[in-house]
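Engineer: First the structure, which I've put down as structure tokens, then a few questions once you've had a look.
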Amino acid sequence: MKKYDCIIIGAGPGGLSCASELSKKGKSVLCLEKNKKVGPKVCAGGLTIKDLEKLPMKIPKELIEHSFNSVILQINKKRIEIKNNKDYIFTIDRERLGQHMMKSAKEAGATIKTNSKVNKIKDNHVELQNGNQIGFKYLIGADGSASVVRKHLGLRSK
């Protein structure tokens, strides 16, 4: 059975950032993604200026689709417009972002496997849908609201 220092379940922005950072620190990292492709998601892809400044992985300007210097919030019957002198809200294509982040994580040394749904988690290994078992020292759950890691740990979802 192949073994990694860290297995990350979920290759979204959180999982890929984690994979990149751990790989840069010399850890052997495997990031497992259940979908066939990293990135596509039904999501507006909204980011703030703080997101862009604080992400460990710099986002190239060409990935930004639109930028805005005002936002209109409607709560019940109240409508509030928040304006700024410069753009502070951005939209980004999640598929292109995912592909960019996956490339960066791979360049840092991480292994990314798509179409790799985790069926079971044991104390020191995961079992994939195809029956393959992969060992780990540390397991990181970045697999969203239907997290198999959360379920394995017996944590309830709110």
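Ordering of the structure tokens sets the chain letters (A, B, ...); residue numbers start at 1 within each chain; ligands are numbered from 1 in the order shown.
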Mind listing the helix (DSSP H, G or I) residues of region 3-156 of chain A, per DSSP on the backbone, as a PDB file with C-alpha atoms, in the first residue's frame?

Structural biologist:
ATOM      1  CA  PRO A  13      -9.459  26.057  -3.141  1.00  0.00           C
ATOM      2  CA  GLY A  14      -8.913  25.039   0.506  1.00  0.00           C
ATOM      3  CA  GLY A  15      -7.609  21.567  -0.272  1.00  0.00           C
ATOM      4  CA  LEU A  16      -5.323  22.753  -3.061  1.00  0.00           C
ATOM      5  CA  SER A  17      -3.926  25.626  -0.961  1.00  0.00           C
ATOM      6  CA  CYS A  18      -3.204  23.166   1.824  1.00  0.00           C
ATOM      7  CA  ALA A  19      -1.599  20.700  -0.601  1.00  0.00           C
ATOM      8  CA  SER A  20       0.640  23.410  -1.987  1.00  0.00           C
ATOM      9  CA  GLU A  21       1.742  24.726   1.415  1.00  0.00           C
ATOM     10  CA  LEU A  22       2.447  21.268   2.888  1.00  0.00           C
ATOM     11  CA  SER A  23       4.366  20.214  -0.222  1.00  0.00           C
ATOM     12  CA  LYS A  24       6.519  23.346  -0.002  1.00  0.00           C
ATOM     13  CA  ILE A  49      -9.891  42.507  -2.100  1.00  0.00           C
ATOM     14  CA  LYS A  50      -8.862  40.974   1.260  1.00  0.00           C
ATOM     15  CA  ASP A  51      -9.245  37.471  -0.218  1.00  0.00           C
ATOM     16  CA  LEU A  52      -6.933  38.353  -3.081  1.00  0.00           C
ATOM     17  CA  GLU A  53      -4.371  39.915  -0.735  1.00  0.00           C
ATOM     18  CA  LYS A  54      -4.334  37.112   1.846  1.00  0.00           C
ATOM     19  CA  LYS A  61      -5.180  39.137 -12.899  1.00  0.00           C
ATOM     20  CA  GLU A  62      -6.296  37.296 -16.036  1.00  0.00           C
ATOM     21  CA  LEU A  63      -8.383  34.925 -13.874  1.00  0.00           C
ATOM     22  CA  ARG A  94     -14.090  28.585 -10.508  1.00  0.00           C
ATOM     23  CA  GLU A  95     -12.942  26.112 -13.161  1.00  0.00           C
ATOM     24  CA  ARG A  96     -10.039  28.303 -14.251  1.00  0.00           C
ATOM     25  CA  LEU A  97      -9.183  29.032 -10.609  1.00  0.00           C
ATOM     26  CA  GLY A  98      -9.187  25.298  -9.814  1.00  0.00           C
ATOM     27  CA  GLN A  99      -6.925  24.503 -12.759  1.00  0.00           C
ATOM     28  CA  HIS A 100      -4.517  27.299 -11.759  1.00  0.00           C
ATOM     29  CA  MET A 101      -4.408  26.155  -8.129  1.00  0.00           C
ATOM     30  CA  MET A 102      -3.953  22.504  -9.141  1.00  0.00           C
ATOM     31  CA  LYS A 103      -1.006  23.459 -11.354  1.00  0.00           C
ATOM     32  CA  SER A 104       0.577  25.416  -8.476  1.00  0.00           C
ATOM     33  CA  ALA A 105       0.074  22.529  -6.037  1.00  0.00           C
ATOM     34  CA  LYS A 106       1.639  20.074  -8.492  1.00  0.00           C
ATOM     35  CA  GLU A 107       4.591  22.411  -9.066  1.00  0.00           C
ATOM     36  CA  ALA A 108       5.084  22.476  -5.277  1.00  0.00           C
ATOM     37  CA  VAL A 148     -16.730  11.944   4.421  1.00  0.00           C
ATOM     38  CA  VAL A 149     -14.058  13.025   6.945  1.00  0.00           C
ATOM     39  CA  ARG A 150     -16.653  14.740   9.151  1.00  0.00           C
ATOM     40  CA  LYS A 151     -18.840  11.639   9.020  1.00  0.00           C
ATOM     41  CA  HIS A 152     -15.885   9.388   9.868  1.00  0.00           C
ATOM     42  CA  LEU A 153     -15.114  11.539  12.919  1.00  0.00           C
TER      43      LEU A 153
END

Engineer: With only C-alpha atoms as the counted atoms, please give the residues lying no more than 12 Å from Ile80 (chain A), apart from itself and same-chain residues fewer than 5 positions off, as a list in words.

Structural biologist: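 Contacts, in chain order: Ser70, Val71, Ile72, Leu73, Gln74 and Ile75 of chain A.
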
Engineer: Please produce an output containing all heavy atoms for each residue in the selection, written as an mmCIF file, in the first residue's frame.

Structural biologist:
data_model
loop_
_atom_site.group_PDB
_atom_site.id
_atom_site.type_symbol
_atom_site.label_atom_id
_atom_site.label_comp_id
_atom_site.auth_asym_id
_atom_site.auth_seq_id
_atom_site.Cartn_x
_atom_site.Cartn_y
_atom_site.Cartn_z
ATOM 1 N N SER A 70 -19.024 48.821 -6.149
ATOM 2 C CA SER A 70 -20.237 49.010 -5.353
ATOM 3 C C SER A 70 -21.034 47.715 -5.302
ATOM 4 O O SER A 70 -20.939 46.873 -6.202
ATOM 5 C CB SER A 70 -21.094 50.135 -5.920
ATOM 6 O OG SER A 70 -21.645 49.763 -7.160
ATOM 7 N N VAL A 71 -21.793 47.602 -4.232
ATOM 8 C CA VAL A 71 -22.636 46.427 -4.017
ATOM 9 C C VAL A 71 -23.980 46.926 -3.511
ATOM 10 O O VAL A 71 -24.037 47.854 -2.701
ATOM 11 C CB VAL A 71 -22.015 45.483 -2.959
ATOM 12 C CG1 VAL A 71 -22.934 44.312 -2.668
ATOM 13 C CG2 VAL A 71 -20.670 44.983 -3.407
ATOM 14 N N ILE A 72 -25.043 46.308 -3.971
ATOM 15 C CA ILE A 72 -26.379 46.645 -3.471
ATOM 16 C C ILE A 72 -26.891 45.460 -2.664
ATOM 17 O O ILE A 72 -26.956 44.338 -3.172
ATOM 18 C CB ILE A 72 -27.349 46.979 -4.629
ATOM 19 C CG1 ILE A 72 -26.853 48.210 -5.377
ATOM 20 C CG2 ILE A 72 -28.763 47.179 -4.093
ATOM 21 C CD1 ILE A 72 -27.634 48.538 -6.632
ATOM 22 N N LEU A 73 -27.224 45.725 -1.421
ATOM 23 C CA LEU A 73 -27.790 44.709 -0.539
ATOM 24 C C LEU A 73 -29.271 45.006 -0.354
ATOM 25 O O LEU A 73 -29.648 46.150 -0.097
ATOM 26 C CB LEU A 73 -27.104 44.723 0.826
ATOM 27 C CG LEU A 73 -25.604 44.477 0.846
ATOM 28 C CD1 LEU A 73 -25.068 44.678 2.252
ATOM 29 C CD2 LEU A 73 -25.280 43.089 0.347
ATOM 30 N N GLN A 74 -30.088 43.980 -0.482
ATOM 31 C CA GLN A 74 -31.513 44.160 -0.224
ATOM 32 C C GLN A 74 -31.904 43.188 0.865
ATOM 33 O O GLN A 74 -31.791 41.971 0.714
ATOM 34 C CB GLN A 74 -32.338 43.915 -1.483
ATOM 35 C CG GLN A 74 -33.801 44.154 -1.231
ATOM 36 C CD GLN A 74 -34.502 44.730 -2.420
ATOM 37 O OE1 GLN A 74 -33.886 45.079 -3.417
ATOM 38 N NE2 GLN A 74 -35.809 44.846 -2.330
ATOM 39 N N ILE A 75 -32.322 43.761 2.001
ATOM 40 C CA ILE A 75 -32.723 42.966 3.152
ATOM 41 C C ILE A 75 -34.154 43.364 3.482
ATOM 42 O O ILE A 75 -34.419 44.530 3.806
ATOM 43 C CB ILE A 75 -31.781 43.212 4.354
ATOM 44 C CG1 ILE A 75 -30.345 42.907 3.936
ATOM 45 C CG2 ILE A 75 -32.208 42.382 5.548
ATOM 46 C CD1 ILE A 75 -29.302 43.393 4.901
#

Engineer: For the contact check between region 81-119 of chain A and region 34-38 of chain A, emit one row per residue of region 81-119 of chain A within 6 Å, containing the shortest atom pair and the distance in Å rounded to one decimal, counting only C-alpha atoms, chain then rising number order, as JSON lines.

Structural biologist:
{"residue": "A:Gly98", "atom": "CA", "partner": "A:Val38", "partner_atom": "CA", "distance": 5.7}
{"residue": "A:Thr114", "atom": "CA", "partner": "A:Lys36", "partner_atom": "CA", "distance": 5.3}
{"residue": "A:Asn115", "atom": "CA", "partner": "A:Lys36", "partner_atom": "CA", "distance": 4.5}
{"residue": "A:Ser116", "atom": "CA", "partner": "A:Lys34", "partner_atom": "CA", "distance": 4.6}
{"residue": "A:Lys117", "atom": "CA", "partner": "A:Lys34", "partner_atom": "CA", "distance": 4.2}

Engineer: Using only N, CA, C and O atoms, please write the residues we just selected to a file, as a short mmCIF file (atom, residue, chain, number, x, y, z; two decimals), in the first residue's frame.

Structural biologist:
data_model
loop_
_atom_site.label_atom_id
_atom_site.label_comp_id
_atom_site.auth_asym_id
_atom_site.auth_seq_id
_atom_site.Cartn_x
_atom_site.Cartn_y
_atom_site.Cartn_z
N GLY A 98 -9.56 26.65 -10.22
CA GLY A 98 -9.19 25.30 -9.81
C GLY A 98 -8.01 24.76 -10.61
O GLY A 98 -7.09 24.15 -10.05
N THR A 114 -7.79 12.83 -9.56
CA THR A 114 -9.21 13.07 -9.79
C THR A 114 -9.93 11.74 -9.93
O THR A 114 -9.31 10.69 -10.02
N ASN A 115 -11.27 11.83 -9.97
CA ASN A 115 -12.09 10.62 -10.09
C ASN A 115 -11.73 9.61 -9.01
O ASN A 115 -11.65 8.42 -9.26
N SER A 116 -11.48 10.12 -7.81
CA SER A 116 -10.99 9.29 -6.69
C SER A 116 -11.86 9.50 -5.46
O SER A 116 -11.49 10.18 -4.52
N LYS A 117 -13.03 8.91 -5.51
CA LYS A 117 -13.98 9.04 -4.40
C LYS A 117 -13.55 8.13 -3.25
O LYS A 117 -13.26 6.95 -3.44
#

Engineer: Measuring atom to atom with only C-alpha atoms, identify which of A:Lys2, A:Leu32, A:Gly12, A:Asp93 is nearest to Asn119 (chain A).

Structural biologist: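 Checking each candidate against Asn119 (chain A), we get A:Leu32 as the closest.
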
Engineer: For CA of Thr111 (chain A) and CA of Met1 (chain A), determine how far apart the two atoms are, in Å to one decimal place.

Structural biologist: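 Between these atoms lies a distance of 15.9 Å.
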